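Peer 1: If it helps, the file is called query_13.tsv and holds TSV, C-alpha atoms:
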```tsv
chain	number	residue	atom	x	y	z
A	296	MET	CA	0.00	0.00	0.00
A	297	LEU	CA	0.98	3.62	-0.34
A	298	CYS	CA	2.82	5.42	2.38
A	299	SER	CA	0.92	8.17	4.18
A	300	ASP	CA	2.78	11.10	2.61
A	301	LEU	CA	1.70	9.99	-0.87
A	302	SER	CA	-1.88	9.66	0.34
A	303	ARG	CA	-1.85	13.20	1.73
A	304	LEU	CA	-0.31	14.53	-1.47
A	305	ASN	CA	-3.05	13.02	-3.60
A	306	TYR	CA	-5.77	14.14	-1.22
A	307	ILE	CA	-4.61	17.75	-1.69
A	308	VAL	CA	-4.43	17.33	-5.46
A	309	LEU	CA	-7.94	15.90	-5.63
A	310	GLN	CA	-9.43	18.46	-3.29
A	311	GLU	CA	-8.15	21.24	-5.52
A	312	GLY	CA	-9.80	19.59	-8.51
A	313	PHE	CA	-6.51	19.13	-10.30
A	314	MET	CA	-5.32	15.61	-11.03
A	315	ARG	CA	-2.59	14.56	-13.42
A	316	ILE	CA	-3.18	11.00	-14.63
A	317	PHE	CA	-0.78	8.82	-16.60
A	318	PHE	CA	-2.86	6.17	-18.40
A	319	LEU	CA	-1.24	3.00	-19.72
A	320	ASP	CA	-2.67	0.66	-22.36
A	321	GLN	CA	-1.01	-2.15	-24.29
A	322	SER	CA	-3.01	-1.94	-27.50
A	323	GLY	CA	-2.64	0.01	-30.71
A	324	LYS	CA	-6.09	-1.15	-31.79
A	325	PRO	CA	-9.35	0.09	-30.25
A	326	GLY	CA	-11.19	-2.64	-28.38
A	327	GLY	CA	-13.78	-2.29	-25.62
A	328	ALA	CA	-11.20	-1.44	-22.94
A	329	GLU	CA	-9.66	1.22	-25.17
A	330	LEU	CA	-13.00	2.87	-25.99
A	331	CYS	CA	-13.72	2.94	-22.26
A	332	LEU	CA	-10.34	4.62	-21.63
A	333	ILE	CA	-11.18	7.42	-24.07
A	334	ASP	CA	-14.32	8.28	-22.11
A	335	ILE	CA	-12.49	8.20	-18.78
A	336	ALA	CA	-9.54	10.28	-19.99
A	337	LYS	CA	-11.59	13.06	-21.61
A	338	PRO	CA	-12.32	15.02	-18.41
A	339	TYR	CA	-8.58	15.03	-17.58
A	340	ARG	CA	-7.19	15.66	-21.06
A	341	ASP	CA	-5.58	18.98	-20.12
A	342	ASN	CA	-3.57	17.20	-17.41
A	343	THR	CA	-3.08	13.69	-18.71
A	344	LEU	CA	-1.06	11.45	-20.99
A	345	VAL	CA	-1.98	8.07	-22.47
A	346	GLY	CA	1.04	5.82	-22.94
A	347	LEU	CA	0.58	3.04	-25.48
A	348	PHE	CA	2.72	-0.06	-25.91
A	349	ALA	CA	1.92	-0.25	-29.65
A	350	ASP	CA	1.15	2.15	-32.47
A	351	GLY	CA	-2.06	1.95	-34.46
A	352	PRO	CA	-5.57	3.36	-34.97
A	353	PHE	CA	-6.19	3.70	-31.22
A	354	LYS	CA	-3.57	6.45	-31.13
A	355	ASP	CA	-5.46	8.23	-33.92
A	356	LEU	CA	-8.73	7.96	-31.99
A	357	LEU	CA	-7.13	9.50	-28.91
A	358	GLN	CA	-5.75	12.37	-30.95
A	359	GLN	CA	-9.17	12.95	-32.54
A	360	ASN	CA	-10.54	13.34	-29.02
A	361	HIS	CA	-7.71	15.79	-28.16
A	362	ILE	CA	-6.23	13.42	-25.58
A	363	PRO	CA	-2.41	13.57	-25.37
A	364	VAL	CA	-0.86	10.25	-26.36
A	365	GLU	CA	2.61	8.80	-26.76
A	366	VAL	CA	3.70	5.42	-28.11
A	367	LEU	CA	6.21	4.13	-25.56
A	368	ALA	CA	7.34	0.81	-27.06
A	369	THR	CA	9.04	0.17	-30.39
A	370	GLN	CA	8.27	-3.55	-30.60
A	371	VAL	CA	5.30	-5.76	-29.75
A	372	ILE	CA	5.35	-7.33	-26.27
A	373	GLN	CA	5.34	-11.09	-26.88
A	374	VAL	CA	3.24	-12.11	-23.89
A	375	ARG	CA	-0.36	-13.25	-24.22
A	376	LYS	CA	-3.05	-14.33	-21.78
A	377	GLU	CA	-2.13	-17.99	-22.24
A	378	SER	CA	1.64	-17.48	-21.98
A	379	SER	CA	3.73	-19.74	-19.77
A	380	LEU	CA	6.19	-18.72	-17.06
A	381	LEU	CA	9.14	-19.29	-19.43
A	382	GLN	CA	7.59	-17.06	-22.08
A	383	GLY	CA	6.94	-14.43	-19.43
A	384	LEU	CA	10.54	-14.52	-18.20
A	385	LYS	CA	11.83	-14.12	-21.76
A	386	SER	CA	9.83	-10.89	-22.02
A	387	LEU	CA	11.48	-9.25	-18.99
A	388	GLY	CA	14.45	-8.03	-20.99
A	389	GLN	CA	12.05	-6.58	-23.51
A	390	LEU	CA	10.07	-4.82	-20.76
A	391	ALA	CA	13.02	-3.24	-18.97
A	392	PRO	CA	13.47	-0.22	-21.32
A	393	LEU	CA	9.71	0.33	-21.34
A	394	ILE	CA	9.50	0.27	-17.54
A	395	THR	CA	12.40	2.74	-17.30
A	396	LYS	CA	10.61	5.11	-19.65
A	397	VAL	CA	7.30	4.76	-17.78
A	398	VAL	CA	8.99	5.45	-14.43
A	399	LYS	CA	10.51	8.67	-15.77
A	400	ILE	CA	7.20	9.92	-17.15
A	401	ALA	CA	5.19	8.79	-14.10
A	402	ARG	CA	7.12	11.12	-11.83
A	403	GLU	CA	5.47	14.03	-13.66
A	404	TYR	CA	1.97	12.76	-12.80
A	405	ASP	CA	-0.07	12.09	-9.67
A	406	LEU	CA	-1.07	8.52	-10.41
A	407	ILE	CA	-0.64	5.65	-12.86
A	408	TYR	CA	-3.85	4.23	-14.34
A	409	ALA	CA	-3.29	0.77	-15.89
A	410	ASN	CA	-6.08	-0.11	-18.33
A	411	THR	CA	-5.00	-3.60	-19.45
A	412	GLN	CA	-3.13	-6.58	-18.03
A	413	LYS	CA	0.22	-5.87	-19.74
A	414	ALA	CA	-0.19	-2.27	-18.61
A	415	LEU	CA	-0.69	-3.61	-15.07
A	416	VAL	CA	2.66	-5.43	-15.13
A	417	VAL	CA	4.54	-2.35	-16.34
A	418	GLY	CA	2.48	0.04	-14.21
A	419	ALA	CA	2.96	-1.94	-11.00
A	420	LEU	CA	6.74	-1.91	-11.29
A	421	ALA	CA	6.72	1.73	-12.37
A	422	SER	CA	4.51	2.57	-9.39
A	423	PHE	CA	7.08	1.05	-7.04
A	424	PHE	CA	10.06	2.89	-8.54
A	425	SER	CA	8.31	6.23	-9.15
A	426	ARG	CA	6.43	6.21	-5.81
A	427	ARG	CA	3.16	6.99	-7.54
A	428	PRO	CA	-0.15	5.27	-6.67
A	429	LEU	CA	-1.51	2.66	-9.07
A	430	VAL	CA	-5.10	2.25	-10.23
A	431	TYR	CA	-5.98	-0.86	-12.23
A	432	HIS	CA	-9.10	-0.92	-14.42
A	433	LEU	CA	-10.12	-4.57	-14.67
A	434	HIS	CA	-11.82	-5.32	-17.99
A	435	ASP	CA	-11.37	-9.10	-17.78
A	436	ILE	CA	-12.74	-12.09	-15.95
A	437	LEU	CA	-9.61	-13.38	-14.24
A	438	SER	CA	-10.05	-17.14	-14.53
A	439	THR	CA	-8.16	-20.07	-16.06
A	440	GLU	CA	-10.79	-20.10	-18.81
A	441	HIS	CA	-9.26	-16.86	-20.13
A	442	PHE	CA	-5.71	-16.79	-18.71
A	443	SER	CA	-2.87	-19.21	-18.07
A	444	GLN	CA	-2.36	-20.08	-14.40
A	445	THR	CA	0.96	-18.22	-14.48
A	446	ASN	CA	-0.49	-15.00	-15.87
A	447	LEU	CA	-3.41	-15.21	-13.48
A	448	ARG	CA	-1.13	-15.56	-10.45
A	449	ILE	CA	1.13	-12.71	-11.60
A	450	ALA	CA	-1.79	-10.36	-12.19
A	451	VAL	CA	-3.42	-11.01	-8.82
A	452	ASN	CA	-0.15	-10.76	-6.90
A	453	LEU	CA	0.81	-7.49	-8.59
A	454	VAL	CA	-2.60	-5.98	-7.87
A	455	ASN	CA	-2.58	-7.10	-4.24
A	456	ARG	CA	0.90	-5.71	-3.67
A	457	PHE	CA	0.89	-2.45	-5.62
A	458	ALA	CA	-2.65	-1.26	-6.47
A	459	SER	CA	-4.45	1.27	-4.31
A	460	LEU	CA	-7.69	0.79	-6.23
A	461	VAL	CA	-9.13	-1.71	-8.70
A	462	ILE	CA	-12.10	-0.64	-10.81
A	463	ALA	CA	-13.99	-3.67	-12.15
A	464	ASN	CA	-16.33	-3.29	-15.11
A	465	SER	CA	-18.93	-5.68	-13.64
A	466	GLN	CA	-19.85	-7.69	-10.58
A	467	ALA	CA	-18.80	-10.77	-12.54
A	468	SER	CA	-15.29	-9.35	-12.99
A	469	LYS	CA	-15.12	-8.41	-9.32
A	470	THR	CA	-16.25	-11.84	-8.16
A	471	ALA	CA	-13.71	-13.62	-10.37
A	472	PHE	CA	-10.93	-11.34	-9.09
A	473	ILE	CA	-11.74	-12.16	-5.46
A	474	GLN	CA	-12.10	-15.89	-6.20
A	475	ALA	CA	-8.63	-15.78	-7.82
A	476	GLY	CA	-7.20	-14.44	-4.56
A	477	GLY	CA	-7.60	-10.70	-5.14
A	478	ARG	CA	-8.09	-8.41	-2.16
A	479	PRO	CA	-11.78	-7.55	-1.72
A	480	ASP	CA	-11.02	-4.29	0.12
A	481	ILE	CA	-9.50	-2.53	-2.90
A	482	ILE	CA	-11.99	-3.36	-5.66
A	483	GLU	CA	-15.12	-1.45	-6.69
A	484	VAL	CA	-17.54	-1.93	-9.61
A	485	VAL	CA	-18.10	0.83	-12.14
A	486	TYR	CA	-19.83	-0.06	-15.39
A	487	ASN	CA	-18.67	1.28	-18.74
A	488	GLY	CA	-20.04	4.69	-19.67
A	489	PHE	CA	-21.62	5.78	-22.95
A	490	GLU	CA	-22.68	9.08	-24.50
A	491	PRO	CA	-26.37	8.47	-25.42
A	492	LYS	CA	-26.47	11.21	-28.06
A	493	ASN	CA	-23.81	9.35	-30.07
A	494	TYR	CA	-26.37	6.63	-30.73
A	495	GLN	CA	-29.04	8.87	-32.22
A	496	THR	CA	-29.28	8.24	-35.97
A	497	ASP	CA	-31.01	9.79	-38.95
A	498	GLU	CA	-33.66	7.70	-40.71
A	499	SER	CA	-32.56	8.77	-44.20
A	500	ASP	CA	-28.96	7.75	-43.46
A	501	ILE	CA	-30.15	4.35	-42.31
A	502	ASN	CA	-32.20	3.83	-45.46
A	503	LYS	CA	-29.18	4.69	-47.61
A	504	LEU	CA	-27.04	2.26	-45.65
A	505	GLN	CA	-29.59	-0.51	-46.07
A	506	GLN	CA	-29.64	0.13	-49.82
A	507	GLN	CA	-25.85	0.11	-50.06
A	508	LEU	CA	-25.63	-3.22	-48.22
A	509	GLY	CA	-28.60	-4.83	-49.94
A	510	LEU	CA	-30.53	-5.24	-46.71
A	511	GLN	CA	-33.91	-3.84	-47.74
A	512	GLY	CA	-36.78	-6.26	-47.23
A	513	LYS	CA	-34.63	-8.46	-44.98
A	514	PHE	CA	-34.79	-9.21	-41.26
A	515	VAL	CA	-31.25	-8.23	-40.29
A	516	VAL	CA	-29.39	-9.75	-37.35
A	517	GLY	CA	-26.20	-7.84	-36.54
A	518	HIS	CA	-23.12	-9.23	-34.79
A	519	PHE	CA	-20.56	-6.63	-33.68
A	520	SER	CA	-17.27	-8.02	-32.40
A	521	ARG	CA	-13.82	-9.03	-33.46
A	522	LEU	CA	-13.89	-12.37	-35.25
A	523	ALA	CA	-12.62	-14.88	-32.70
A	524	PRO	CA	-13.73	-18.38	-31.68
A	525	TRP	CA	-14.85	-17.34	-28.17
A	526	LYS	CA	-16.99	-14.55	-29.62
A	527	GLY	CA	-19.09	-17.28	-31.26
A	528	GLN	CA	-19.87	-15.99	-34.73
A	529	HIS	CA	-20.13	-19.65	-35.79
A	530	ILE	CA	-23.06	-20.06	-33.39
A	531	LEU	CA	-24.97	-17.28	-35.15
A	532	ILE	CA	-24.25	-18.80	-38.57
A	533	ASP	CA	-25.56	-22.19	-37.39
A	534	ALA	CA	-28.67	-20.48	-35.98
A	535	LEU	CA	-29.20	-18.60	-39.23
A	536	ALA	CA	-29.47	-21.88	-41.12
A	537	LYS	CA	-32.45	-22.77	-38.90
A	538	CYS	CA	-34.28	-19.48	-39.60
A	539	PRO	CA	-36.57	-18.41	-42.48
A	540	SER	CA	-34.82	-17.26	-45.66
A	541	GLU	CA	-35.56	-13.55	-45.07
A	542	VAL	CA	-33.28	-13.57	-42.03
A	543	THR	CA	-29.86	-12.13	-42.94
A	544	ALA	CA	-26.77	-11.60	-40.77
A	545	ILE	CA	-24.09	-8.93	-40.91
A	546	LEU	CA	-20.79	-9.63	-39.15
A	547	VAL	CA	-19.06	-6.39	-38.21
A	548	GLY	CA	-15.45	-6.79	-37.13
A	549	ASP	CA	-12.37	-8.70	-38.19
A	550	ALA	CA	-9.67	-10.90	-36.71
A	551	LEU	CA	-7.10	-9.70	-34.21
A	552	PHE	CA	-4.17	-11.44	-32.56
A	553	GLY	CA	-3.54	-14.01	-35.33
A	554	GLU	CA	-7.08	-15.42	-35.55
A	555	GLN	CA	-7.29	-15.44	-39.36
A	556	ASP	CA	-7.80	-19.22	-39.38
A	557	TYR	CA	-11.12	-18.71	-37.64
A	558	VAL	CA	-12.20	-16.21	-40.30
A	559	GLN	CA	-11.47	-18.82	-42.97
A	560	GLN	CA	-13.51	-21.36	-41.00
A	561	LEU	CA	-16.46	-18.97	-40.90
A	562	HIS	CA	-16.38	-18.46	-44.65
A	563	GLU	CA	-16.23	-22.23	-45.18
A	564	GLN	CA	-19.15	-22.70	-42.77
A	565	VAL	CA	-21.23	-20.17	-44.70
A	566	THR	CA	-20.50	-21.97	-47.96
A	567	GLU	CA	-21.26	-25.43	-46.56
A	568	LEU	CA	-24.63	-24.23	-45.24
A	569	GLY	CA	-25.49	-22.42	-48.50
A	570	LEU	CA	-25.76	-19.04	-46.77
A	571	GLU	CA	-23.58	-16.98	-49.13
A	572	ASN	CA	-26.47	-14.60	-49.87
A	573	ARG	CA	-27.52	-14.30	-46.22
A	574	VAL	CA	-24.24	-13.55	-44.42
A	575	LYS	CA	-22.25	-10.38	-45.04
A	576	PHE	CA	-18.73	-9.88	-43.65
A	577	LEU	CA	-18.30	-6.12	-43.26
A	578	GLY	CA	-14.92	-6.00	-41.50
A	579	PHE	CA	-13.98	-3.19	-39.13
A	580	ARG	CA	-16.34	-0.21	-39.36
A	581	SER	CA	-16.53	3.18	-37.67
A	582	ASP	CA	-20.28	3.69	-38.28
A	583	ILE	CA	-21.43	1.28	-35.57
A	584	PRO	CA	-24.54	3.23	-34.41
A	585	GLN	CA	-25.76	3.53	-38.00
A	586	LEU	CA	-25.17	-0.15	-38.70
A	587	MET	CA	-26.95	-1.13	-35.51
A	588	ALA	CA	-29.87	1.09	-36.44
A	589	ALA	CA	-30.03	-0.77	-39.76
A	590	CYS	CA	-30.53	-4.06	-37.89
A	591	ASP	CA	-33.74	-5.61	-36.58
A	592	LEU	CA	-31.90	-7.55	-33.86
A	593	VAL	CA	-28.38	-7.51	-32.41
A	594	ALA	CA	-26.89	-10.84	-31.35
A	595	HIS	CA	-24.21	-11.45	-28.75
A	596	THR	CA	-22.98	-15.04	-28.92
A	597	SER	CA	-19.85	-15.36	-26.76
A	598	ILE	CA	-19.27	-18.95	-25.68
A	599	SER	CA	-17.21	-17.89	-22.64
A	600	ALA	CA	-18.34	-15.49	-19.93
A	601	GLU	CA	-18.10	-11.86	-21.06
A	602	PRO	CA	-16.74	-9.38	-18.48
A	603	PHE	CA	-19.19	-6.68	-19.54
A	604	GLY	CA	-20.62	-6.72	-23.06
A	605	ARG	CA	-20.18	-3.24	-24.52
A	606	VAL	CA	-21.96	-4.07	-27.76
A	607	ILE	CA	-25.10	-4.96	-25.77
A	608	VAL	CA	-25.40	-1.50	-24.24
A	609	GLU	CA	-24.66	0.14	-27.59
A	610	ALA	CA	-27.52	-1.80	-29.20
A	611	MET	CA	-29.81	-0.84	-26.33
A	612	LEU	CA	-28.98	2.84	-26.83
A	613	CYS	CA	-29.88	2.41	-30.50
A	614	ALA	CA	-33.29	1.06	-29.36
A	615	LYS	CA	-32.58	-2.34	-30.87
A	616	PRO	CA	-33.57	-5.64	-29.27
A	617	VAL	CA	-30.63	-7.73	-28.08
A	618	VAL	CA	-30.23	-11.47	-27.70
A	619	ALA	CA	-27.22	-12.26	-25.54
A	620	ALA	CA	-25.36	-15.27	-24.17
A	621	LYS	CA	-26.38	-15.84	-20.55
A	622	ALA	CA	-23.08	-15.68	-18.65
A	623	GLY	CA	-20.75	-13.26	-16.86
A	624	GLY	CA	-21.44	-9.53	-16.88
A	625	VAL	CA	-24.13	-9.90	-19.53
A	626	MET	CA	-26.59	-11.04	-16.87
A	627	GLU	CA	-26.15	-7.68	-15.15
A	628	LEU	CA	-27.22	-5.85	-18.31
A	629	VAL	CA	-30.12	-7.88	-19.71
A	630	GLU	CA	-33.36	-8.94	-18.04
A	631	HIS	CA	-34.90	-11.62	-20.20
A	632	GLY	CA	-38.21	-10.57	-21.71
A	633	LEU	CA	-37.99	-7.08	-20.25
A	634	ASN	CA	-35.13	-5.26	-21.98
A	635	GLY	CA	-33.69	-8.09	-24.09
A	636	PHE	CA	-33.35	-11.84	-24.46
A	637	LEU	CA	-30.94	-14.31	-22.86
A	638	VAL	CA	-29.91	-17.65	-24.35
A	639	THR	CA	-27.63	-20.48	-23.27
A	640	PRO	CA	-24.10	-19.93	-24.63
A	641	GLY	CA	-23.22	-22.19	-27.55
A	642	GLU	CA	-26.81	-23.23	-28.35
A	643	PRO	CA	-27.73	-22.28	-31.96
A	644	GLN	CA	-31.18	-23.86	-31.77
A	645	GLU	CA	-32.13	-21.68	-28.80
A	646	LEU	CA	-30.72	-18.61	-30.55
A	647	ALA	CA	-32.71	-19.43	-33.70
A	648	GLN	CA	-35.92	-19.63	-31.68
A	649	ILE	CA	-35.37	-16.11	-30.29
A	650	ILE	CA	-34.59	-14.76	-33.77
A	651	ILE	CA	-37.82	-16.25	-35.10
A	652	THR	CA	-39.77	-14.82	-32.14
A	653	CYS	CA	-38.42	-11.34	-32.88
A	654	LEU	CA	-39.28	-11.79	-36.56
A	655	GLN	CA	-42.87	-12.74	-35.79
A	656	GLU	CA	-43.73	-10.84	-32.56
A	657	THR	CA	-42.94	-7.31	-33.72
A	658	GLU	CA	-45.00	-5.38	-31.14
A	659	ILE	CA	-43.56	-7.21	-28.14
A	660	THR	CA	-40.06	-6.89	-29.56
A	661	ALA	CA	-40.49	-3.14	-30.10
A	662	THR	CA	-41.58	-2.70	-26.47
A	663	ILE	CA	-38.53	-4.61	-25.27
A	664	ALA	CA	-36.27	-2.45	-27.45
A	665	ASN	CA	-37.75	0.76	-26.03
A	666	ASN	CA	-37.32	-0.56	-22.50
A	667	ALA	CA	-33.70	-1.31	-23.36
A	668	ARG	CA	-32.98	2.23	-24.48
A	669	THR	CA	-34.55	3.68	-21.33
A	670	THR	CA	-32.56	1.31	-19.12
A	671	ALA	CA	-29.24	1.94	-20.87
A	672	SER	CA	-29.65	5.72	-20.94
A	673	ARG	CA	-30.28	5.75	-17.21
A	674	ARG	CA	-27.66	3.22	-16.03
A	675	PHE	CA	-24.71	3.85	-18.33
A	676	ASP	CA	-24.60	7.59	-19.05
A	677	VAL	CA	-20.92	8.51	-19.29
A	678	ALA	CA	-21.35	11.65	-17.19
A	679	ILE	CA	-22.64	9.58	-14.25
A	680	ILE	CA	-19.98	6.90	-14.72
A	681	ASN	CA	-17.15	9.45	-14.80
A	682	GLN	CA	-18.50	11.04	-11.64
A	683	GLN	CA	-18.40	7.63	-9.93
A	684	ILE	CA	-14.77	7.15	-10.98
A	685	ALA	CA	-13.79	10.63	-9.80
A	686	GLN	CA	-15.39	9.94	-6.41
A	687	LEU	CA	-13.51	6.65	-6.10
A	688	LEU	CA	-10.21	8.29	-6.94
A	689	SER	CA	-10.78	11.07	-4.44
A	690	GLY	CA	-11.88	8.67	-1.73
A	691	ARG	CA	-9.18	6.03	-2.21
A	692	LEU	CA	-5.99	7.89	-3.13
```
Now, as a test, write the supplied structure out as structure tokens.

Peer 2:
Amino acid sequence: MLCSDLSRLNYIVLQEGFMRIFFLDQSGKPGGAELCLIDIAKPYRDNTLVGLFADGPFKDLLQQNHIPVEVLATQVIQVRKESSLLQGLKSLGQLAPLITKVVKIAREYDLIYANTQKALVVGALASFFSRRPLVYHLHDILSTEHFSQTNLRIAVNLVNRFASLVIANSQASKTAFIQAGGRPDIIEVVYNGFEPKNYQTDESDINKLQQQLGLQGKFVVGHFSRLAPWKGQHILIDALAKCPSEVTAILVGDALFGEQDYVQQLHEQVTELGLENRVKFLGFRSDIPQLMAACDLVAHTSISAEPFGRVIVEAMLCAKPVVAAKAGGVMELVEHGLNGFLVTPGEPQELAQIIITCLQETEITATIANNARTTASRRFDVAIINQQIAQLLSGRL
């Protein structure tokens, strides 16, 4: 834990409404954790810096939002969630220059805010050497289903030893952290925040988009996620084969982290099932609210427990019905039959039945979609979420 003089220093800084935060993130590509970081960093952008461990489009997004950013590493860190102890030890030499750089920069800020697991490793050591408090934003379910035993043990031990505060993105993430041996006295739950006005769309724009994509006259099921086995796009394709011919799917996203083999498998699955005219691979897109508005239903099909489920809230804000896999943080977002639908993970037949229900029961589905937008606007407004984070920082540091 922090020594008392650091605690007093940060109390003064927070009381004066002036906090300098050094954010750390491992990715050059914008995923859910990175989009969350943008929203958190915005209120502090005059007194903050985001340090990235890789270059890429995430840096561009930060710059577009006028958030200072610097790429701190010149090569990719070769450690993944499933890495072994030997692989982790081999990376230490690679991390040393990065840690040295982070320590130097951290001394110019009031706290280090680690937004990912690799950022936690670097941030924890930098916190020790720079004598700056560490905040860890937990966007993962820390279990052996997602991480190697080695990485899991390292993450929990680093948090327990060096973090003053852990912000979990769901009760599911918090529970898994504690079950893995994490300290319950330093962790709090704050859901991801969203700007509701960003999900308001123009009807004429949606009609044009439907024309461009050949979706008019179709019942469109949208899937918005990177293409990866655990995200379960193959489950949706199997379900689609069990639905009437007017049901079409759009897959928005592409492979990351060397998962191109899975993309090939999806294309082969579509061909084998004769769905070439009913499945559209759209790749990465920036017009997510517009694409969601062009859908009749948004499907979430993860076969492993999701820590939060950002795409679910985004669909809700677009007033679209959501069918989601019943596990992890998703169950904190969706109440079956009230503001969405829940299905057993990995069950295409069950998913197909919900799709058909939404196709046929339009009035009930519309009511559920409106309930979803009301719920999401109230629970996940970014202004409220950022206020919760500010209060936690002021109360804990």

Peer 1: Got a sec: who's within 8 Å of range 633-639 of chain A, counting all atoms listed in the file, leaving out chain neighbours fewer than 3 positions off, as a ChimeraX atom specification?

Peer 2: /A:616-621,629-630,642,645-646,649,663-667,670

Peer 1: Tell me which residues come within 9 Å of (-14.1, 10.2, -24.5), as a PyMOL selection string, counting only C-alpha atoms in the file's coordinates.

Peer 2: chain A and resi 330-338+357+360+362+489-490+677

Peer 1: Atoms to include: C-alpha atoms. Write the selected residues as a CSV table (one decimal), keeping the file's coordinate frame.

Peer 2:
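This went into part09.csv:
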```csv
chain,number,residue,atom,x,y,z
A,330,LEU,CA,-13.0,2.9,-26.0
A,331,CYS,CA,-13.7,2.9,-22.3
A,332,LEU,CA,-10.3,4.6,-21.6
A,333,ILE,CA,-11.2,7.4,-24.1
A,334,ASP,CA,-14.3,8.3,-22.1
A,335,ILE,CA,-12.5,8.2,-18.8
A,336,ALA,CA,-9.5,10.3,-20.0
A,337,LYS,CA,-11.6,13.1,-21.6
A,338,PRO,CA,-12.3,15.0,-18.4
A,357,LEU,CA,-7.1,9.5,-28.9
A,360,ASN,CA,-10.5,13.3,-29.0
A,362,ILE,CA,-6.2,13.4,-25.6
A,489,PHE,CA,-21.6,5.8,-23.0
A,490,GLU,CA,-22.7,9.1,-24.5
A,677,VAL,CA,-20.9,8.5,-19.3
```

Peer 1: Give me the residues near Lys513 in chain A as a ChimeraX atom specification, where near means some atom within 10 Å (using all atoms listed in the file) and where sequence neighbours in that chain fewer than 3 positions away do not count.

Peer 2: /A:505,509-510,516,540-544,573,590-591

Peer 1: Could you save the residues just selected, with C-alpha atoms, as a short mmCIF file (atom, residue, chain, number, x, y, z; two decimals), in the coordinates of the input?

Peer 2:
```
data_model
loop_
_atom_site.label_atom_id
_atom_site.label_comp_id
_atom_site.auth_asym_id
_atom_site.auth_seq_id
_atom_site.Cartn_x
_atom_site.Cartn_y
_atom_site.Cartn_z
CA GLN A 505 -29.59 -0.51 -46.07
CA GLY A 509 -28.60 -4.83 -49.94
CA LEU A 510 -30.53 -5.24 -46.71
CA VAL A 516 -29.39 -9.75 -37.35
CA SER A 540 -34.82 -17.26 -45.66
CA GLU A 541 -35.56 -13.55 -45.07
CA VAL A 542 -33.28 -13.57 -42.03
CA THR A 543 -29.86 -12.13 -42.94
CA ALA A 544 -26.77 -11.60 -40.77
CA ARG A 573 -27.52 -14.30 -46.22
CA CYS A 590 -30.53 -4.06 -37.89
CA ASP A 591 -33.74 -5.61 -36.58
#
```

Peer 1: Within 7 Å of Ala534 in chain A, counting all atoms listed in the file, which residues show up once you throw out same-chain ones fewer than 5 positions away? Write them as a list in words, please.

Peer 2: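 Non-adjacent residues within range: Pro643, Gln644, Leu646 and Ala647 of chain A.
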
Peer 1: How many Å separate CA of Phe519 in chain A from CA of Glu567 in chain A?

Peer 2: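 Between CA of Phe519 in chain A and CA of Glu567 in chain A the gap works out to 22.8 Å.
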
Peer 1: Hey, which of A:Arg427, A:Lys615, A:His529, A:Arg605 ends up closest to Gly641 in chain A? Count all atoms listed in the file.

Peer 2: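 Of A:Arg427, A:Lys615, A:His529, A:Arg605, the one nearest Gly641 in chain A, counting all atoms listed in the file, is A:His529.
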
Peer 1: Enter the distance from CA of Gly624 in chain A to CA of His434 in chain A, in Å, rounded to one decimal.

Peer 2: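 Distance between the two atoms: 10.6 Å.
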
Peer 1: In Å, rounded to a single decimal, give me how far CA of Val430 in chain A is from CA of Ala458 in chain A.

Peer 2: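 Result for CA of Ala458 in chain A versus CA of Val430 in chain A: 5.7 Å, one decimal.
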
Peer 1: With distances taken over all atoms listed in the file, which residue among A:Glu601, A:Glu571, A:Asp500, A:Asp405 lies nearest Gly327 in chain A?

Peer 2: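 With all atoms listed in the file as the atom set, the closest residue is A:Glu601.
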
Peer 1: Which residue gives the smallest distance to Lys399 in chain A among A:Leu508, A:Ile679, A:Leu367, A:Leu570, with only C-alpha atoms counted?

Peer 2: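 Closest residue, counting only C-alpha atoms: A:Leu367.
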
Peer 1: Go through A:Leu393, A:Leu504, A:Leu460, A:Ala409 and flag the residue nearest Gly690 in chain A, using all atoms listed in the file for the distances.

Peer 2: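 So, comparing all the options, the nearest one is A:Leu460.
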
Peer 1: Which polymer residues, whether protein, DNA or RNA, lie within 8 Å of the coordinate (-9.0, 2.5, -31.9) when you count all atoms listed in the file? List them as a list in words, using the chain letters and numbers from the file.

Peer 2: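 Output of the proximity query reads Gly323, Lys324, Pro325, Gly326, Glu329, Leu330, Gly351, Pro352, Phe353, Lys354, Asp355, Leu356 and Leu357 of chain A.
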